[in-house]
Structure formats: structure tokens, C-alpha cells
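I have placed the structure first, in the form of C-alpha cells, so that the comments after it can refer back to it.
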Amino acid sequence: METKHTGSCACKAIEFTATLDLSTVTRCNCTYCTKLGLLGNLTKPDKVQLTKGEPASYPNAIGARYFCAACGTHLFGRGDLPEMGGLFASVNVQALDDVDPYTLSPVHWDGRHDNWEAGPRPSPYPIFR
């Protein structure tokens, strides 16, 4: 079930709302997600709205990642990937102010080895093979 949540960066310079279904959250072992400790949730881009401030961004292969330039908190990403149904937003659940991320049970992806075909599983994929 989708619920509207509020989120922000650590210094509160950027605030946003996101309408999300938190029944599935994901953790990826790629270098980027591992180093930032991201816990993601996918939604459509129009379901993520800025309410305060303007985040900095940098491009990636399929879109852009948005973060606070003052404190560095990663907030969300936006992209377009046909394999994911086209346009999407991936919200960093750990940036939500009204959710305890430690109560959620993520599924895990093996992004470190581009092993997307394996799909998600309940236990983490290894960093090293």
C-alpha cells in the first residue's frame, strides 16, 4: 500500500515528500550503494516532490542522483530504464523522517557483479567472490 512520507537531508536544507510502498525495500551491493549505505525504494518520478531547497545532482548512466550539497546526504535518484518500466525514482529510505529503516526487511541485489538476472533474494550477495 502506498503512503506519503516526508524526508530530508541531515542538515534540513532539503526536504521532500515521497509516496511509497515500503513493503519492498532493496539493498544493492554495488560500490556506490555499499559505500553510501543506501536502502532504496522504487516509485514513479512524479511521486517524489521537493518541498524545501534545491538538491545538487550528478549524472549517471541512466539518470541522475540528488543529494544535499551542504551535508552530503543522498536523497533520491531519477532515471529511465526500460528494464525497470521506464521512468523511475529511487528514494533513499534512510532519508525519510517518518520511517524507522531498521524495522524493514530489504531484499538484496548483486549489482557489484552486474548479476541483475539473478534477481533479488532475502540474504545479501557477497562483495567478494
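Chain lettering (A, B, ...) mirrors the order of the C-alpha cells, residue numbering begins at 1 for each chain separately, and ligand numbering begins at 1 in order of display.
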*asked:* DSSP on the backbone, strand (DSSP E or B) only: what residues of chain A does that give? Format it as an NGL selection string.
replied: :A and (3-8 or 15-20 or 26-28 or 40-43 or 48-52 or 56-60 or 63-67 or 74-81 or 86-92 or 96 or 107-109 or 121)
With range 101-104 of chain A as the partner and 10 Å as the cut-off, tabulate the residues of range 48-95 of chain A that qualify, each row holding the nearest pair of atoms and their distance in Å to one decimal, using only C-alpha atoms, sorted by chain and rising number, as a Markdown table.
| residue | atom | partner | partner_atom | distance |
| --- | --- | --- | --- | --- |
| A:Asn92 | CA | A:Pro101 | CA | 9.9 |
| A:Val93 | CA | A:Pro101 | CA | 6.6 |
| A:Gln94 | CA | A:Pro101 | CA | 6.0 |
| A:Ala95 | CA | A:Pro101 | CA | 9.2 |
Fewer than 6 positions away in the same chain doesn't count, so skip those; otherwise give me all residues within 8 Å of range 75-85 of chain A, counting only C-alpha atoms, as a count of residues only. 13
Note to self: Could you list, as an NGL selection string, every residue within 10 Å of Met1 in chain A, counting only C-alpha atoms and ignoring same-chain residues fewer than 3 positions away?
What the structure shows: :A and (19-23)
So which residues touch Arg27 in chain A within 8 Å, counting only C-alpha atoms, skipping near sequence neighbours fewer than 2 positions away, as an NGL selection string? :A and (25 or 29 or 33 or 38-40 or 106-109)
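Put simply, CA of Ala56 in chain A is 29.1 Å away from CA of Ile127 in chain A.
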query: Which parts of range 1-122 of chain A does DSSP call alpha helix (DSSP H) when run on the backbone here, written out as a VMD selection string?
result: chain A and resid 31 to 36
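The two atoms in question, CA of Lys47 in chain A and CA of Thr34 in chain A, are spaced 25.3 Å apart.
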As a check of understanding: the span from CA of Leu36 in chain A to CA of His74 in chain A is 7.9 Å
